[in-house]
Amino acid sequence: MAEHADHADHPAYPVGLRLSGRRVVVVGGGQVAQRRLPALIAAGADIVLVSPAATPSVEAMADAGEIRWERRPYTDGDLTDTWYALIASDDTAANDAASAEAERTRTWCVRSDNADAATAWTPATGRSEGVTVAVLTTDTHGRDPRHSAAVRDAIVEGLRDGTLAAPHHRTRTPGVALVGGGPGDPDLITVRGRRLLAEADVVIADRLGPRDLLDELPPHVEVIDAAKIPYGRYMAQEAINRALIEHAKAGKAVVRLKGGDPFVFGRGMEEAQALAAEGIACTVVPGISSSISVPGAAGIPVTHRGVAHEFTVVSGHVAPDDERSLVDWPALAKLRGTLVLLMAVDKIGAIARTLIAHGKAPGTPVALIQEGTTAAQRRVDATLATVAERAVAEDVRPPAVIVIGDVVTVGTSTTPPHPLARASAARTPPA
């Protein structure tokens, strides 16, 4: 019979464990268990936690019935009839004893404190659209978990954004995806949105979508400009709807790339209704709304403890005295929280006068953030009484998000400028 060779002489053999309904024992309820337990739960394992104490998150898993918790130290025999063991306590002697039992009972065993003493290693794992990526790296000095994680992240990111999928193997689903592209920074689109963009045959893009992503599209992708420039050139909504329908009926994968979130002043529901009327499949991919992300990028929290317990997002494209307005401006003036105005640059004077007339203090702080989250971001501060004059003097132009409320001054002295913002576009002080 051959003697056991030192495992360092040979690479680990990769395998996927099917643990559904099978006993798994976790020794120790600390941070390692907190990180590893969700995947074991997702695998359907029958999990027993052996530990005198546990983190609040692990305790919550036990309270929810996802694991069984025996609140005591490890004792010999705990691994009886166990398929897989995770040894992760802060008691080295208990870990050694549990490892010894695992060796006797031929139970695959992972140790967080001593990988060399384990019979199994946990790979760096990631998932994307039905694919699980598990990475183990070794060199002459043993495992390198950080390298494993870096390789995993690179592979998963490539799968998610489509750069690792060969074109003829890429899954194409005819139909339309309404994708919220976020506030402008291309890194702020969702993972799913970016993947669908990489799989598209046709992209119908808004001016406020993440334009830099269009340059990454393969040459065969048709890009249709659906820009709506305020008081300028634009593609009518009916024409956009027709383009979505025609390309989808031609069997193409169509992405309607919109700024922010499709359903926050984005007319996304109108497009979804037009598609539904034609029996066309439509997927909605939410996006990060500029109403919260742009203030955040400029150092303004829309809520803050002791300052604002509410925030209200309002479209300002219709003036308060316009008969088409659906906004109850007198009621808004009485709110104590934060007002966030979108599409309101040219109406800010009328809006400010209306709010003051209905009781809002003239000295209420206001911030105007233009081109938020992009390299052109700049912030102009004012008060409700001076904002109209400041907007003209500073030549603030759309797209801009306007924040009204005491939260504007919360981060004045401590919050750095957005990392993408130009140095020349530093915040100007209030008048």
# chains A, B, ... in the order shown; residues from 1 in each chain; ligands from 1
>>> residues_around(residues="Gly21 of chain A", least_positions_apart="6", cutoff="12 Å", atoms="only C-alpha atoms", output="list in words")
Leu40, Ile41, Ala42, Ala43, Gly44, Ala45, Asp46, Ile47, Val48, Thr82, Trp83 and Tyr84 of chain A
>>> residues_around(residues="Ser51 of chain A", least_positions_apart="6", cutoff="8 Å", atoms="only C-alpha atoms", output="VMD selection string")
chain A and resid 27 to 29 69 to 74 89
>>> residues_around(residues="Pro262 of chain A", least_positions_apart="5", cutoff="9 Å", atoms="only C-alpha atoms", output="list in words")
Leu178, Val179, Gly180, Gly181, Leu257, Arg267, Gly268, Met269, Val284, Val285, Pro286, Gly287 and Ser289 of chain A
>>> atom_distance(atom1="atom CA of Arg211 of chain A", atom2="atom CA of Ile240 of chain A")
17.9 Å
>>> select_by_dssp(residues="segment 230-430 of chain A", states="strand (DSSP E)", output="count of residues only")
37
>>> residues_around(residues="Val176 of chain A", least_positions_apart="5", cutoff="12 Å", atoms="only C-alpha atoms", output="PDB file with C-alpha atoms, in the first residue's frame")
ATOM      1  CA  LEU A 196     -27.942  42.910 -21.405  1.00  0.00           C
ATOM      2  CA  LEU A 197     -26.244  45.812 -23.148  1.00  0.00           C
ATOM      3  CA  GLU A 199     -25.945  41.020 -25.645  1.00  0.00           C
ATOM      4  CA  ALA A 200     -27.980  43.570 -27.597  1.00  0.00           C
ATOM      5  CA  ASP A 201     -28.484  43.778 -31.348  1.00  0.00           C
ATOM      6  CA  VAL A 202     -30.069  47.222 -31.127  1.00  0.00           C
ATOM      7  CA  VAL A 203     -29.613  49.931 -28.488  1.00  0.00           C
ATOM      8  CA  ILE A 204     -32.000  52.889 -28.342  1.00  0.00           C
ATOM      9  CA  ASN A 241     -42.184  53.166 -29.295  1.00  0.00           C
ATOM     10  CA  ALA A 243     -38.620  51.599 -33.139  1.00  0.00           C
ATOM     11  CA  LEU A 244     -38.813  49.315 -30.099  1.00  0.00           C
ATOM     12  CA  ILE A 245     -41.705  47.376 -31.606  1.00  0.00           C
ATOM     13  CA  GLU A 246     -40.256  47.074 -35.119  1.00  0.00           C
ATOM     14  CA  HIS A 247     -36.838  45.809 -34.022  1.00  0.00           C
ATOM     15  CA  ALA A 248     -38.301  43.389 -31.472  1.00  0.00           C
ATOM     16  CA  LYS A 249     -40.685  41.946 -34.073  1.00  0.00           C
ATOM     17  CA  ALA A 250     -37.689  41.445 -36.344  1.00  0.00           C
ATOM     18  CA  GLY A 251     -36.336  38.987 -33.755  1.00  0.00           C
ATOM     19  CA  LYS A 252     -33.671  41.271 -32.364  1.00  0.00           C
ATOM     20  CA  ALA A 253     -32.548  41.747 -28.770  1.00  0.00           C
ATOM     21  CA  VAL A 254     -33.310  45.396 -28.061  1.00  0.00           C
ATOM     22  CA  VAL A 255     -32.068  47.489 -25.143  1.00  0.00           C
ATOM     23  CA  ARG A 256     -33.784  50.765 -24.366  1.00  0.00           C
ATOM     24  CA  LEU A 257     -30.965  52.470 -22.440  1.00  0.00           C
ATOM     25  CA  GLY A 268     -40.695  53.708 -19.049  1.00  0.00           C
ATOM     26  CA  GLU A 271     -42.938  52.102 -23.459  1.00  0.00           C
ATOM     27  CA  ALA A 272     -43.801  48.945 -21.517  1.00  0.00           C
ATOM     28  CA  ALA A 274     -46.828  49.987 -25.971  1.00  0.00           C
ATOM     29  CA  LEU A 275     -44.834  46.743 -26.064  1.00  0.00           C
ATOM     30  CA  ALA A 276     -47.479  44.824 -24.111  1.00  0.00           C
ATOM     31  CA  GLU A 278     -48.117  44.285 -29.329  1.00  0.00           C
ATOM     32  CA  GLY A 279     -47.486  41.120 -27.310  1.00  0.00           C
ATOM     33  CA  ILE A 280     -43.753  41.787 -27.042  1.00  0.00           C
ATOM     34  CA  ALA A 281     -41.786  40.472 -24.081  1.00  0.00           C
ATOM     35  CA  CYS A 282     -40.358  43.287 -21.952  1.00  0.00           C
ATOM     36  CA  THR A 283     -37.807  43.073 -19.150  1.00  0.00           C
ATOM     37  CA  VAL A 284     -37.453  45.997 -16.756  1.00  0.00           C
ATOM     38  CA  VAL A 285     -34.016  46.510 -15.227  1.00  0.00           C
TER      39      VAL A 285
END
>>> residues_around(residues="Gly184 of chain A", least_positions_apart="5", cutoff="12 Å", atoms="only C-alpha atoms", output="PyMOL selection string")
chain A and resi 189+206-213+257-261+287-290+293-294+297+370-377+399-400+420
>>> residues_around(residues="Ile87 of chain A", least_positions_apart="5", cutoff="10 Å", atoms="only C-alpha atoms", output="list of chain:residue names")
A:Val25, A:Val26, A:Val27, A:Gly28, A:Gly29, A:Val32, A:Ala33, A:Val50, A:Tyr74, A:Thr92, A:Ala94, A:Asn95, A:Asp96, A:Ala98, A:Ser99, A:Ala102, A:Cys109, A:Val110, A:Arg111, A:Ser112, A:Asp113, A:Asn114, A:Ala118
>>> write_last_selection(atoms="C-alpha atoms", output="PDB file, in the first residue's frame")
ATOM      1  CA  VAL A  25     -21.407  20.569  10.665  1.00  0.00           C
ATOM      2  CA  VAL A  26     -19.991  24.040  11.277  1.00  0.00           C
ATOM      3  CA  VAL A  27     -17.796  24.452  14.350  1.00  0.00           C
ATOM      4  CA  GLY A  28     -17.623  28.094  15.438  1.00  0.00           C
ATOM      5  CA  GLY A  29     -20.174  30.875  14.964  1.00  0.00           C
ATOM      6  CA  VAL A  32     -15.970  32.917   9.010  1.00  0.00           C
ATOM      7  CA  ALA A  33     -19.208  31.041   9.649  1.00  0.00           C
ATOM      8  CA  VAL A  50     -21.781  23.799  17.132  1.00  0.00           C
ATOM      9  CA  TYR A  74     -17.325  20.925  20.076  1.00  0.00           C
ATOM     10  CA  THR A  92      -7.248  25.811  18.392  1.00  0.00           C
ATOM     11  CA  ALA A  94     -11.119  22.154  19.516  1.00  0.00           C
ATOM     12  CA  ASN A  95     -10.222  22.730  15.877  1.00  0.00           C
ATOM     13  CA  ASP A  96      -7.444  20.146  16.072  1.00  0.00           C
ATOM     14  CA  ALA A  98     -12.509  18.212  15.114  1.00  0.00           C
ATOM     15  CA  SER A  99      -9.976  17.852  12.293  1.00  0.00           C
ATOM     16  CA  ALA A 102     -12.896  14.315  10.326  1.00  0.00           C
ATOM     17  CA  CYS A 109     -13.076  19.138   6.302  1.00  0.00           C
ATOM     18  CA  VAL A 110     -12.190  22.809   5.779  1.00  0.00           C
ATOM     19  CA  ARG A 111     -10.206  24.689   8.447  1.00  0.00           C
ATOM     20  CA  SER A 112     -10.154  28.467   8.567  1.00  0.00           C
ATOM     21  CA  ASP A 113      -7.181  28.667  10.948  1.00  0.00           C
ATOM     22  CA  ASN A 114      -4.871  26.120   9.293  1.00  0.00           C
ATOM     23  CA  ALA A 118      -7.490  20.574   6.219  1.00  0.00           C
TER      24      ALA A 118
END
>>> select_by_dssp(residues="segment 269-418 of chain A", states="alpha helix (DSSP H)", output="JSON, numbers by chain")
{"A": [269, 270, 271, 272, 273, 274, 275, 276, 277, 290, 291, 292, 293, 294, 295, 296, 297, 329, 330, 331, 332, 333, 334, 348, 349, 350, 351, 352, 353, 354, 355, 356, 357, 387, 388, 389, 390, 391, 392, 393]}
>>> closest_residue(among="A:Val340, A:Ala53, A:Pro295, A:Leu384", to="Pro183 of chain A", atoms="only C-alpha atoms")
A:Pro295
>>> atom_distance(atom1="atom CA of Lys360 of chain A", atom2="atom CA of Phe263 of chain A")
29.1 Å
>>> closest_residue(among="A:Gly349, A:Gly316, A:Thr125, A:Leu335", to="Pro398 of chain A", atoms="only C-alpha atoms")
A:Gly316
>>> residues_around(residues="Thr80 of chain A", least_positions_apart="6", cutoff="9 Å", atoms="only C-alpha atoms", output="count of residues only")
4
